[in-house]
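Shown below: structure16.txt, with compact mmCIF, C-alpha atoms and all ligand atoms.
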```
# COMPACT_ATOMS: atom_id res chain seq x y z
CA MET A 1 0.00 0.00 0.00
CA ARG A 2 1.37 3.43 -0.98
CA LEU A 3 -0.05 6.31 1.00
CA ILE A 4 0.38 10.07 1.24
CA MET A 5 -0.40 12.10 4.33
CA LEU A 6 -1.16 15.80 3.79
CA GLY A 7 -2.11 18.52 6.27
CA PRO A 8 -0.90 21.59 8.15
CA PRO A 9 1.78 21.50 10.86
CA GLY A 10 0.32 19.75 13.90
CA ALA A 11 -2.59 18.20 11.99
CA GLY A 12 -1.56 14.78 13.27
CA LYS A 13 0.23 13.47 10.17
CA GLY A 14 2.99 11.82 12.17
CA THR A 15 0.59 10.44 14.79
CA GLN A 16 -1.72 8.85 12.22
CA ALA A 17 1.22 7.77 10.04
CA LYS A 18 2.66 5.73 12.89
CA ILE A 19 -0.68 3.96 13.49
CA LEU A 20 -1.12 3.18 9.78
CA CYS A 21 2.46 2.01 9.28
CA ASP A 22 2.25 -0.36 12.26
CA LYS A 23 -1.02 -1.71 10.94
CA HIS A 24 0.01 -2.15 7.30
CA LYS A 25 3.65 -2.97 8.07
CA ILE A 26 5.04 -0.34 5.73
CA PRO A 27 7.82 2.19 6.39
CA GLN A 28 6.91 5.72 7.50
CA ILE A 29 8.88 8.19 5.42
CA SER A 30 8.81 11.64 6.97
CA THR A 31 10.87 14.24 5.12
CA GLY A 32 10.83 16.32 8.32
CA ASP A 33 12.33 13.42 10.34
CA ILE A 34 14.95 12.71 7.66
CA LEU A 35 15.97 16.38 7.60
CA ARG A 36 16.06 16.63 11.42
CA GLN A 37 18.30 13.56 11.53
CA ALA A 38 20.61 15.17 8.95
CA ILE A 39 20.82 18.29 11.13
CA LYS A 40 21.65 16.14 14.17
CA ASP A 41 24.36 14.34 12.18
CA GLY A 42 25.80 17.65 10.95
CA SER A 43 25.75 16.37 7.35
CA PRO A 44 25.90 18.81 4.38
CA LEU A 45 22.17 18.17 3.84
CA GLY A 46 21.49 19.10 7.47
CA VAL A 47 23.57 22.26 7.26
CA ARG A 48 21.65 23.30 4.13
CA ALA A 49 18.21 22.42 5.53
CA LYS A 50 18.57 23.95 9.00
CA LYS A 51 18.08 27.59 8.05
CA TYR A 52 14.86 26.83 6.17
CA MET A 53 13.44 24.61 8.91
CA ASP A 54 14.24 26.97 11.77
CA ALA A 55 12.53 29.75 9.80
CA GLY A 56 9.46 27.60 9.08
CA GLU A 57 10.09 27.72 5.35
CA LEU A 58 10.17 24.89 2.84
CA VAL A 59 13.45 23.24 2.01
CA PRO A 60 14.00 23.61 -1.79
CA ASP A 61 12.06 21.16 -3.96
CA GLU A 62 15.12 19.61 -5.62
CA VAL A 63 16.56 18.67 -2.21
CA VAL A 64 13.45 16.87 -0.90
CA ILE A 65 12.67 15.28 -4.27
CA GLY A 66 16.19 13.79 -4.26
CA ILE A 67 15.70 12.48 -0.71
CA ILE A 68 12.38 10.81 -1.57
CA ASN A 69 13.52 9.28 -4.86
CA GLU A 70 16.43 7.70 -3.08
CA ARG A 71 14.39 6.52 -0.09
CA ILE A 72 11.49 4.94 -2.00
CA SER A 73 13.89 2.93 -4.12
CA GLU A 74 15.22 1.13 -1.03
CA PRO A 75 14.24 -2.54 -0.63
CA ASP A 76 11.96 -2.00 2.39
CA CYS A 77 9.69 0.16 0.20
CA SER A 78 9.01 -2.54 -2.38
CA GLY A 79 5.77 -3.56 -0.63
CA GLY A 80 4.59 0.02 -0.08
CA PHE A 81 5.29 3.06 2.09
CA LEU A 82 3.67 6.04 3.70
CA LEU A 83 4.87 9.56 2.86
CA ASP A 84 4.43 11.88 5.84
CA GLY A 85 4.93 15.52 4.86
CA PHE A 86 5.79 14.92 1.21
CA PRO A 87 4.79 16.23 -1.28
CA ARG A 88 4.22 19.83 -0.15
CA THR A 89 4.24 21.53 -3.53
CA VAL A 90 2.81 20.63 -6.92
CA THR A 91 6.38 20.40 -8.24
CA GLN A 92 7.10 17.70 -5.63
CA ALA A 93 3.81 15.93 -6.46
CA VAL A 94 4.61 15.85 -10.18
CA ALA A 95 8.12 14.54 -9.49
CA LEU A 96 6.65 11.78 -7.31
CA SER A 97 4.08 10.77 -9.96
CA ASP A 98 6.83 10.64 -12.59
CA SER A 99 9.07 8.50 -10.49
CA LEU A 100 6.22 6.11 -9.54
CA ALA A 101 5.16 5.88 -13.20
CA GLU A 102 8.71 4.93 -14.17
CA ASN A 103 8.40 2.02 -11.76
CA ARG A 104 4.82 1.24 -12.86
CA CYS A 105 3.37 1.93 -9.41
CA GLU A 106 0.82 4.33 -8.13
CA ILE A 107 -0.51 5.90 -4.95
CA ASP A 108 -3.36 3.97 -3.28
CA GLY A 109 -4.63 6.68 -0.94
CA VAL A 110 -4.15 10.36 -0.09
CA VAL A 111 -5.20 11.35 3.42
CA ASP A 112 -5.56 15.12 3.86
CA ILE A 113 -6.10 16.13 7.50
CA SER A 114 -7.43 19.61 8.18
CA VAL A 115 -7.36 21.39 11.54
CA PRO A 116 -7.97 25.12 12.18
CA GLN A 117 -4.92 27.26 12.97
CA GLU A 118 -6.12 28.09 16.54
CA SER A 119 -5.90 24.43 17.62
CA LEU A 120 -2.56 23.87 15.95
CA VAL A 121 -0.61 26.40 18.01
CA SER A 122 -1.47 24.72 21.32
CA ARG A 123 -0.96 21.25 19.88
CA LEU A 124 2.54 22.17 18.76
CA THR A 125 3.74 24.32 21.66
CA GLY A 126 2.73 21.42 23.95
CA ARG A 127 4.34 18.70 21.85
CA ARG A 128 7.28 16.74 23.25
CA VAL A 129 9.18 14.15 21.22
CA CYS A 130 11.37 11.30 22.42
CA GLU A 131 14.89 11.81 21.11
CA LYS A 132 15.47 8.05 21.07
CA CYS A 133 12.33 6.46 19.58
CA ALA A 134 10.50 9.60 18.27
CA LYS A 135 7.30 8.79 20.22
CA MET A 136 5.16 11.90 20.54
CA TYR A 137 3.58 13.36 23.66
CA HIS A 138 1.60 16.45 24.54
CA VAL A 139 2.06 18.08 27.92
CA GLN A 140 -1.70 18.42 28.45
CA THR A 141 -3.49 15.90 26.26
CA SER A 142 -1.07 12.95 26.29
CA PRO A 143 1.62 13.56 28.93
CA PRO A 144 4.35 11.03 29.73
CA LYS A 145 4.02 9.15 33.04
CA SER A 146 7.28 10.66 34.24
CA ASP A 147 8.14 14.28 33.36
CA GLY A 148 10.51 14.64 30.39
CA GLU A 149 10.96 10.88 29.96
CA CYS A 150 9.58 8.51 27.32
CA ASP A 151 7.18 5.86 28.70
CA ASP A 152 8.36 3.28 26.17
CA CYS A 153 12.15 3.59 26.08
CA GLY A 154 13.11 6.04 28.84
CA GLY A 155 14.59 8.47 26.27
CA THR A 156 14.67 12.20 26.96
CA LEU A 157 11.79 14.25 25.57
CA TYR A 158 12.67 17.39 23.62
CA ILE A 159 10.91 20.37 22.08
CA ARG A 160 11.42 20.77 18.33
CA ASN A 161 13.28 23.95 17.30
CA ASP A 162 10.38 25.00 15.07
CA ASP A 163 7.69 24.48 17.75
CA ASN A 164 7.60 28.08 18.96
CA GLU A 165 4.59 30.28 18.28
CA ALA A 166 6.20 32.60 15.68
CA THR A 167 7.60 29.71 13.62
CA ILE A 168 4.36 27.73 13.91
CA ILE A 169 2.43 30.67 12.45
CA LYS A 170 4.98 30.96 9.62
CA ARG A 171 4.75 27.21 8.93
CA PHE A 172 0.97 27.47 8.75
CA GLU A 173 1.22 30.40 6.30
CA VAL A 174 3.64 28.45 4.10
CA TYR A 175 1.32 25.43 4.22
CA SER A 176 -1.70 27.58 3.29
CA GLN A 177 0.07 28.98 0.22
CA GLN A 178 0.46 25.48 -1.25
CA ALA A 179 -2.53 23.59 0.16
CA LYS A 180 -5.19 24.38 -2.43
CA ALA A 181 -3.04 23.55 -5.44
CA LEU A 182 -1.80 20.37 -3.82
CA SER A 183 -5.24 19.07 -2.84
CA GLY A 184 -6.41 20.05 -6.35
CA PHE A 185 -3.68 17.86 -7.79
CA TYR A 186 -4.92 14.81 -5.88
CA SER A 187 -8.62 15.40 -5.47
CA GLU A 188 -9.71 14.00 -8.82
CA GLY A 189 -10.35 10.27 -8.64
CA GLY A 190 -11.41 8.29 -5.60
CA LYS A 191 -8.07 8.05 -3.86
CA TYR A 192 -8.15 11.41 -2.07
CA ARG A 193 -10.13 12.16 1.09
CA LYS A 194 -10.18 15.23 3.32
CA PHE A 195 -10.65 14.55 7.06
CA ASP A 196 -11.61 16.81 9.92
CA GLY A 197 -8.60 16.40 12.22
CA ALA A 198 -10.22 18.20 15.17
CA VAL A 199 -11.45 14.89 16.59
CA SER A 200 -9.69 12.40 18.87
CA ILE A 201 -6.68 10.46 17.60
CA ASP A 202 -8.67 7.19 17.79
CA GLU A 203 -11.71 8.60 16.02
CA LEU A 204 -9.60 9.98 13.17
CA SER A 205 -7.71 6.73 12.90
CA SER A 206 -10.99 4.77 12.55
CA GLN A 207 -12.23 7.16 9.85
CA ILE A 208 -8.97 6.82 7.90
CA SER A 209 -9.07 3.01 8.18
CA ARG A 210 -12.64 2.93 6.84
CA PHE A 211 -11.62 5.09 3.87
CA LEU A 212 -8.60 2.91 3.06
CA ALA A 213 -10.65 -0.28 3.31
CA HIS A 214 -12.81 0.80 0.34
P1 LIG B 301 7.55 18.27 9.42
O1 LIG B 301 8.40 17.59 10.38
O2 LIG B 301 6.82 17.45 8.42
O3 LIG B 301 6.56 19.21 10.22
P2 LIG B 301 5.09 19.78 9.92
O4 LIG B 301 4.54 19.53 8.58
O5 LIG B 301 5.16 21.18 10.35
O6 LIG B 301 4.18 18.88 10.77
P3 LIG B 301 4.42 18.40 12.23
O7 LIG B 301 5.37 17.24 12.22
O8 LIG B 301 4.74 19.55 13.12
O9 LIG B 301 2.95 17.93 12.63
P4 LIG B 301 2.18 16.59 12.37
O10 LIG B 301 1.09 16.86 11.39
O11 LIG B 301 3.10 15.46 12.07
O12 LIG B 301 1.49 16.40 13.78
P5 LIG B 301 1.80 15.38 14.96
O13 LIG B 301 1.25 14.03 14.64
O14 LIG B 301 3.22 15.49 15.36
O15 LIG B 301 8.41 19.35 8.61
C1 LIG B 301 9.25 20.23 9.31
C2 LIG B 301 9.99 21.15 8.36
O16 LIG B 301 10.81 20.36 7.48
C3 LIG B 301 9.12 21.99 7.41
O17 LIG B 301 8.70 23.18 8.02
C4 LIG B 301 10.10 22.25 6.25
O18 LIG B 301 11.05 23.23 6.62
C5 LIG B 301 10.85 20.92 6.17
N1 LIG B 301 10.18 19.98 5.25
C6 LIG B 301 9.63 18.78 5.56
N2 LIG B 301 9.10 18.19 4.49
C7 LIG B 301 9.31 19.03 3.45
C8 LIG B 301 8.96 18.99 2.08
N3 LIG B 301 8.29 17.96 1.55
N4 LIG B 301 9.31 20.05 1.31
C9 LIG B 301 10.01 21.09 1.80
N5 LIG B 301 10.36 21.20 3.11
C10 LIG B 301 10.01 20.17 3.92
O19 LIG B 301 0.88 15.98 16.13
C11 LIG B 301 1.19 17.26 16.70
C12 LIG B 301 0.78 17.28 18.19
O20 LIG B 301 -0.65 17.17 18.26
C13 LIG B 301 1.34 16.12 19.03
O21 LIG B 301 1.62 16.60 20.31
C14 LIG B 301 0.21 15.11 19.06
O22 LIG B 301 0.23 14.33 20.24
C15 LIG B 301 -1.02 16.01 19.01
N6 LIG B 301 -2.15 15.40 18.27
C16 LIG B 301 -2.09 14.66 17.14
N7 LIG B 301 -3.32 14.30 16.73
C17 LIG B 301 -4.19 14.85 17.64
C18 LIG B 301 -5.61 14.85 17.76
N8 LIG B 301 -6.40 14.20 16.89
N9 LIG B 301 -6.16 15.51 18.79
C19 LIG B 301 -5.37 16.17 19.70
N10 LIG B 301 -4.01 16.21 19.65
C20 LIG B 301 -3.43 15.56 18.62
MG MG B 302 5.21 15.27 11.76
```

As structure tokens - that is how I would like this structure written.
Amino acid sequence: MRLIMLGPPGAGKGTQAKILCDKHKIPQISTGDILRQAIKDGSPLGVRAKKYMDAGELVPDEVVIGIINERISEPDCSGGFLLDGFPRTVTQAVALSDSLAENRCEIDGVVDISVPQESLVSRLTGRRVCEKCAKMYHVQTSPPKSDGECDDCGGTLYIRNDDNEATIIKRFEVYSQQAKALSGFYSEGGKYRKFDGAVSIDELSSQISRFLAH
């Protein structure tokens, strides 16, 4: 199964992606996670990406397209994959279609989660992420049992560099500039569905599963 997850920052792409990938046993490919890892490693990619990410802007298309083309050609993607946060522009979407067509594959489902900006700011300023296993928490709605520590692996929880109010607002603006064209690109045909993400994680997950079962 090949899936795409679209939506604004904090919509719950990563949260739902993890549930779907566990269920369908496919790799979760998050361009954001790949870029954050590159920054942590101090690689040339990380050095290039950092200024865009810290500013809440998009990393240039050619960089992320290169990352995805390389990643989806790895052996663990032969049975499918989930793209979390890619594509974000029509240029990226066209590049993805071209590269799938070359390999005679196609996307099976596009999940577009929408949440109003007001809810996103508190979701993101309260988010904490485990530096070891990347499990996500929220200080109010899903806190860890022990402050600052991951329930599953004991790793330290951190706040993402771009999870401050000013950068969140910028990220939302950047998302809004591309969203209509991108959903337009996918909305023809029965593989695209828009979901109201302002419901519980479990409720949204059930709705997505019903859509994908069709
Ligand atoms: P990326 O890492 O993809 O960040 P984002 O798109 O801003 O999205 P987030 O990861 O912040 O949110 P999410 O939708 O995954 O929500 P989550 O599940 O964590 O990208 C970061 C940066 O990298 C970009 O700004 C850009 O610079 C660069 N980049 C990445 N991809 C790129 C590309 N393709 N092109 C160019 N540049 C690119 O949930 C958020 C919080 O809400 C959590 O605390 C969670 O517990 C909580 N939550 C989740 N669901 C619910 C719910 N239903 N109800 C209540 N709380 C919920
Ligand atoms: Mg995410």

#### Entry: Surroundings of ligand MG 302 (chain B) up to 8 Å, based on all atoms listed in the file, as a list of chain:residue names
A:Pro9, A:Gly10, A:Gly12, A:Lys13, A:Gly14, A:Thr15, A:Ser30, A:Gly32, A:Asp33, A:Asp84, A:Gly85

Could the centre and edge lengths of an axis-aligned box, enclosing all atoms of stretch 107-111 of chain A in the file with 8 Å extra on each side, be given in Å to one decimal as JSON?
```
{"center_x": -2.9, "center_y": 7.7, "center_z": -0.8, "size_x": 20.7, "size_y": 23.4, "size_z": 24.4}
```

### Message
Using only C-alpha atoms and all ligand atoms, which residues of the polymer chains come no farther than 7 Å from ligand LIG 301 (chain B)? I'd like the answer as a ChimeraX atom specification.
### Response
/A:7-16,30-33,35,52-53,56-61,64,84-88,123-124,126-128,136-138,141-142,171,197-201,204

#### Entry: Proximity to A:Gln207 - best of A:Ile65, A:Ile159, A:Val111, A:Cys105, only C-alpha atoms
A:Val111

### Message
Can you pull out the residues contacting A:Thr156? Cut-off 7 Å, using only C-alpha atoms, and skip same-chain residues under 5 positions away; I want them as a VMD selection string.
### Response
chain A and resid 130 to 131 148 to 150

### Query
Mind pulling up the distance from atom CA of A:Met1 to atom CA of A:Ile107?
7.7 Å

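If you look at atom CA of A:Leu82 and atom CA of A:Glu106, they are 12.3 Å away from each other.
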
### Query
Hey, which of A:Leu212, A:Ile39, A:Ile29, A:Ala166 ends up closest to A:Thr125? Count all atoms listed in the file.
A:Ala166

### Task
Would you mind listing what lies within 12 Å of A:Ile208 as a count of residues only, with all atoms listed in the file counted and same-chain residues fewer than 4 positions away left out?
27

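Take the candidates A:Ala134, A:Ala38, A:Leu157, A:Cys21 and check each one against A:Leu83 using only C-alpha atoms; the shortest distance goes to A:Cys21.
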
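Rounded to one decimal, atom CA of A:Val47 and atom CA of A:Gln28 lie 23.5 Å from each other.
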
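Comparing the minimum interatomic distances between A:Lys50 and each of A:Pro143, A:Asn161, A:Asp76, A:Lys180, counting all atoms listed in the file, we find that A:Asn161 sits nearest.
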
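Remark: for A:Ala55, the closest of the candidate residues A:Cys77, A:Ile72, A:Ile168, A:Val139 is A:Ile168 (distances computed over only C-alpha atoms).
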
Please, can stretch 184-195 of chain A be completed to all heavy atoms and returned as an mmCIF file, in the frame of the given file?
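Saved as selection23.cif:
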```
data_model
loop_
_atom_site.group_PDB
_atom_site.id
_atom_site.type_symbol
_atom_site.label_atom_id
_atom_site.label_comp_id
_atom_site.auth_asym_id
_atom_site.auth_seq_id
_atom_site.Cartn_x
_atom_site.Cartn_y
_atom_site.Cartn_z
ATOM 1 N N GLY A 184 -5.855 20.072 -4.998
ATOM 2 C CA GLY A 184 -6.410 20.050 -6.350
ATOM 3 C C GLY A 184 -5.730 18.986 -7.203
ATOM 4 O O GLY A 184 -6.370 18.288 -7.988
ATOM 5 N N PHE A 185 -4.449 18.835 -7.019
ATOM 6 C CA PHE A 185 -3.680 17.860 -7.790
ATOM 7 C C PHE A 185 -4.169 16.439 -7.525
ATOM 8 O O PHE A 185 -4.204 15.606 -8.425
ATOM 9 C CB PHE A 185 -2.188 17.989 -7.415
ATOM 10 C CG PHE A 185 -1.274 17.085 -8.200
ATOM 11 C CD1 PHE A 185 -0.723 17.504 -9.405
ATOM 12 C CD2 PHE A 185 -0.951 15.815 -7.733
ATOM 13 C CE1 PHE A 185 0.126 16.671 -10.126
ATOM 14 C CE2 PHE A 185 -0.103 14.980 -8.453
ATOM 15 C CZ PHE A 185 0.436 15.408 -9.656
ATOM 16 N N TYR A 186 -4.543 16.182 -6.246
ATOM 17 C CA TYR A 186 -4.920 14.810 -5.880
ATOM 18 C C TYR A 186 -6.414 14.553 -5.823
ATOM 19 O O TYR A 186 -6.836 13.402 -5.755
ATOM 20 C CB TYR A 186 -4.304 14.448 -4.524
ATOM 21 C CG TYR A 186 -2.815 14.201 -4.599
ATOM 22 C CD1 TYR A 186 -1.912 15.041 -3.953
ATOM 23 C CD2 TYR A 186 -2.307 13.124 -5.324
ATOM 24 C CE1 TYR A 186 -0.541 14.808 -4.030
ATOM 25 C CE2 TYR A 186 -0.937 12.890 -5.399
ATOM 26 C CZ TYR A 186 -0.065 13.738 -4.756
ATOM 27 O OH TYR A 186 1.285 13.502 -4.841
ATOM 28 N N SER A 187 -7.216 15.617 -5.822
ATOM 29 C CA SER A 187 -8.620 15.400 -5.470
ATOM 30 C C SER A 187 -9.461 14.742 -6.565
ATOM 31 O O SER A 187 -10.555 14.270 -6.287
ATOM 32 C CB SER A 187 -9.271 16.698 -5.001
ATOM 33 O OG SER A 187 -9.160 17.642 -6.003
ATOM 34 N N GLU A 188 -8.940 14.702 -7.785
ATOM 35 C CA GLU A 188 -9.710 14.000 -8.820
ATOM 36 C C GLU A 188 -9.454 12.495 -8.692
ATOM 37 O O GLU A 188 -8.336 12.070 -8.437
ATOM 38 C CB GLU A 188 -9.318 14.494 -10.203
ATOM 39 C CG GLU A 188 -10.045 15.792 -10.500
ATOM 40 C CD GLU A 188 -9.531 16.473 -11.743
ATOM 41 O OE1 GLU A 188 -9.009 15.791 -12.626
ATOM 42 O OE2 GLU A 188 -9.656 17.709 -11.797
ATOM 43 N N GLY A 189 -10.508 11.718 -8.847
ATOM 44 C CA GLY A 189 -10.350 10.270 -8.640
ATOM 45 C C GLY A 189 -10.694 9.940 -7.205
ATOM 46 O O GLY A 189 -10.748 10.817 -6.352
ATOM 47 N N GLY A 190 -10.889 8.671 -6.916
ATOM 48 C CA GLY A 190 -11.410 8.290 -5.600
ATOM 49 C C GLY A 190 -10.363 8.027 -4.545
ATOM 50 O O GLY A 190 -10.673 7.485 -3.494
ATOM 51 N N LYS A 191 -9.124 8.433 -4.806
ATOM 52 C CA LYS A 191 -8.070 8.050 -3.860
ATOM 53 C C LYS A 191 -7.778 9.114 -2.819
ATOM 54 O O LYS A 191 -6.976 8.910 -1.920
ATOM 55 C CB LYS A 191 -6.803 7.722 -4.622
ATOM 56 C CG LYS A 191 -6.990 6.471 -5.451
ATOM 57 C CD LYS A 191 -5.798 6.161 -6.256
ATOM 58 C CE LYS A 191 -6.040 4.865 -7.012
ATOM 59 N NZ LYS A 191 -4.984 4.625 -7.975
ATOM 60 N N TYR A 192 -8.402 10.274 -2.974
ATOM 61 C CA TYR A 192 -8.150 11.410 -2.070
ATOM 62 C C TYR A 192 -9.326 11.583 -1.121
ATOM 63 O O TYR A 192 -10.486 11.503 -1.545
ATOM 64 C CB TYR A 192 -7.959 12.669 -2.915
ATOM 65 C CG TYR A 192 -7.929 13.951 -2.123
ATOM 66 C CD1 TYR A 192 -6.715 14.502 -1.696
ATOM 67 C CD2 TYR A 192 -9.108 14.627 -1.803
ATOM 68 C CE1 TYR A 192 -6.688 15.680 -0.978
ATOM 69 C CE2 TYR A 192 -9.087 15.808 -1.085
ATOM 70 C CZ TYR A 192 -7.875 16.341 -0.671
ATOM 71 O OH TYR A 192 -7.853 17.503 0.041
ATOM 72 N N ARG A 193 -9.047 11.833 0.161
ATOM 73 C CA ARG A 193 -10.130 12.160 1.090
ATOM 74 C C ARG A 193 -9.645 13.195 2.108
ATOM 75 O O ARG A 193 -8.554 13.071 2.646
ATOM 76 C CB ARG A 193 -10.586 10.901 1.821
ATOM 77 C CG ARG A 193 -11.646 11.100 2.886
ATOM 78 C CD ARG A 193 -13.061 11.277 2.360
ATOM 79 N NE ARG A 193 -13.510 10.155 1.569
ATOM 80 C CZ ARG A 193 -14.125 9.070 2.079
ATOM 81 N NH1 ARG A 193 -14.355 8.986 3.368
ATOM 82 N NH2 ARG A 193 -14.516 8.098 1.283
ATOM 83 N N LYS A 194 -10.496 14.224 2.308
ATOM 84 C CA LYS A 194 -10.180 15.230 3.320
ATOM 85 C C LYS A 194 -10.839 14.822 4.634
ATOM 86 O O LYS A 194 -12.004 14.395 4.624
ATOM 87 C CB LYS A 194 -10.704 16.591 2.855
ATOM 88 C CG LYS A 194 -10.036 17.739 3.547
ATOM 89 C CD LYS A 194 -10.353 19.061 2.864
ATOM 90 C CE LYS A 194 -9.571 20.158 3.525
ATOM 91 N NZ LYS A 194 -8.431 20.615 2.782
ATOM 92 N N PHE A 195 -10.122 14.931 5.744
ATOM 93 C CA PHE A 195 -10.650 14.550 7.060
ATOM 94 C C PHE A 195 -10.606 15.739 7.999
ATOM 95 O O PHE A 195 -9.651 16.521 7.954
ATOM 96 C CB PHE A 195 -9.783 13.441 7.672
ATOM 97 C CG PHE A 195 -9.886 12.140 6.935
ATOM 98 C CD1 PHE A 195 -9.051 11.880 5.852
ATOM 99 C CD2 PHE A 195 -10.810 11.185 7.312
ATOM 100 C CE1 PHE A 195 -9.144 10.678 5.164
ATOM 101 C CE2 PHE A 195 -10.913 9.988 6.630
ATOM 102 C CZ PHE A 195 -10.070 9.732 5.549
#
```
